[in-house]
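**Q** Got a structure for you, written out below as structure tokens; questions coming shortly.
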Amino acid sequence: MDANAPENEEELIRSCMRQGRRLLRGRGVPRDYERALECFDRAARAGDTDALYMLGKCYLKGVGCRKDPNGGVDCLERAAERGHGAAALRLGKCFEEGNGAPRSAELASYWYRRAAVAGESKAFDCMQRLNARQNTSYPSRLKNEARDSG
């Protein structure tokens, strides 16, 4: 038996996540996005929520894989449903921008609120920005509707 082999599943997950982050950042090892993605995938399959979040980010940006915004949103949503605040925050941004998900201020607001409840302080800024956009776009819509109808 390998002396460095993880003893249990929890240790295996921690080891995969640690190695994935090192490979992603190139800390102490050459940067290798594909191998980092494999590490995150292995940990996610073992049930790790942080790994789902990291996979989601990689798929959204095409890091270590072909860019797959829909796959990224799927991973983020699964992590956010498990209470991962950063995943909920990123998911809100996906809905706000229409990246991998239909543009929806309502769903963006929902996920930003979930992120805030999970302790993500940036969620409040995102909600304010979203509300400001909605409030400034409302008069513009009225002006456009008036112009188009008259």
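Ligands are numbered from 1 in the order shown, chains are lettered A, B, ... in the order of the structure tokens, and residues start at 1 in each chain.
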Excluding Ala80 (chain A) and its own-chain neighbours fewer than 5 positions away, which residues fall within 12 Å of it when counting only C-alpha atoms? Please give them as a PyMOL selection string.
**A** chain A and resi 49-54+56+73-75+85-92+110-118+120
**Q** Just want the 10 Å neighbourhood of Asp41 (chain A), counted on only C-alpha atoms, with same-chain residues fewer than 6 positions away dropped. Output as JSON, numbers by chain.
**A** {"A": [16, 17, 20, 35, 47, 48, 51, 52, 54, 55]}
**Q** Quick one: write out the picked residues with N, CA and C atoms as a PDB file, in the first residue's frame?
**A**
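File produced: part13.pdb:
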ATOM      1  N   CYS A  16      -7.573  15.800  -3.367  1.00  0.00           N
ATOM      2  CA  CYS A  16      -7.924  16.202  -4.739  1.00  0.00           C
ATOM      3  C   CYS A  16      -8.073  17.716  -4.840  1.00  0.00           C
ATOM      4  N   MET A  17      -8.755  18.304  -3.874  1.00  0.00           N
ATOM      5  CA  MET A  17      -8.959  19.752  -3.899  1.00  0.00           C
ATOM      6  C   MET A  17      -7.643  20.506  -3.755  1.00  0.00           C
ATOM      7  N   GLY A  20      -5.778  20.036  -7.006  1.00  0.00           N
ATOM      8  CA  GLY A  20      -6.436  20.800  -8.069  1.00  0.00           C
ATOM      9  C   GLY A  20      -6.111  22.277  -7.987  1.00  0.00           C
ATOM     10  N   ARG A  35      -5.457  18.765 -15.716  1.00  0.00           N
ATOM     11  CA  ARG A  35      -5.327  17.911 -14.521  1.00  0.00           C
ATOM     12  C   ARG A  35      -6.059  18.528 -13.331  1.00  0.00           C
ATOM     13  N   GLY A  47     -18.785  13.976  -3.903  1.00  0.00           N
ATOM     14  CA  GLY A  47     -19.772  14.733  -3.137  1.00  0.00           C
ATOM     15  C   GLY A  47     -19.310  16.060  -2.577  1.00  0.00           C
ATOM     16  N   ASP A  48     -18.151  16.553  -2.998  1.00  0.00           N
ATOM     17  CA  ASP A  48     -17.640  17.803  -2.439  1.00  0.00           C
ATOM     18  C   ASP A  48     -18.263  19.024  -3.107  1.00  0.00           C
ATOM     19  N   ALA A  51     -15.803  21.503  -4.775  1.00  0.00           N
ATOM     20  CA  ALA A  51     -15.354  20.995  -6.068  1.00  0.00           C
ATOM     21  C   ALA A  51     -16.382  21.324  -7.161  1.00  0.00           C
ATOM     22  N   LEU A  52     -17.667  21.219  -6.837  1.00  0.00           N
ATOM     23  CA  LEU A  52     -18.704  21.599  -7.793  1.00  0.00           C
ATOM     24  C   LEU A  52     -18.566  23.071  -8.160  1.00  0.00           C
ATOM     25  N   MET A  54     -15.807  24.905  -8.055  1.00  0.00           N
ATOM     26  CA  MET A  54     -14.609  25.079  -8.881  1.00  0.00           C
ATOM     27  C   MET A  54     -14.854  24.571 -10.299  1.00  0.00           C
ATOM     28  N   LEU A  55     -15.537  23.441 -10.430  1.00  0.00           N
ATOM     29  CA  LEU A  55     -15.876  22.925 -11.756  1.00  0.00           C
ATOM     30  C   LEU A  55     -16.727  23.938 -12.518  1.00  0.00           C
TER      31      LEU A  55
END
**Q** Tell me, which residues of chain A carry DSSP helix (DSSP H, G or I), written as a PyMOL selection string?
**A** chain A and resi 9-25+33-45+49-61+69-81+85-97+105-117+122-149
**Q** Would you please work out which residue, of A:Arg18, A:Lys67, A:Arg25, A:His84, is nearest to Gly100 (chain A) when using only C-alpha atoms?
**A**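 Result for the nearest residue to Gly100 (chain A): A:Lys67.
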**Q** Counting only C-alpha atoms, which residue out of A:Ala44, A:Cys65, A:Ser15, A:Asn99 sits closest to Asp32 (chain A)?
**A**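 With only C-alpha atoms as the atom set, the closest residue is A:Cys65.
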**Q** Please identify all polymer residues within 10 Å of Gly71 (chain A), counting only C-alpha atoms, omitting same-chain residues fewer than 5 positions from it, and present them as a ChimeraX atom specification.
**A** /A:55-60,76-77,100-101
**Q** Using CA of Arg82 (chain A) and CA of Glu97 (chain A) as the two end points, give the distance in Å to one decimal.
**A**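 CA of Glu97 (chain A) lies at a distance of 22.9 Å from CA of Arg82 (chain A).
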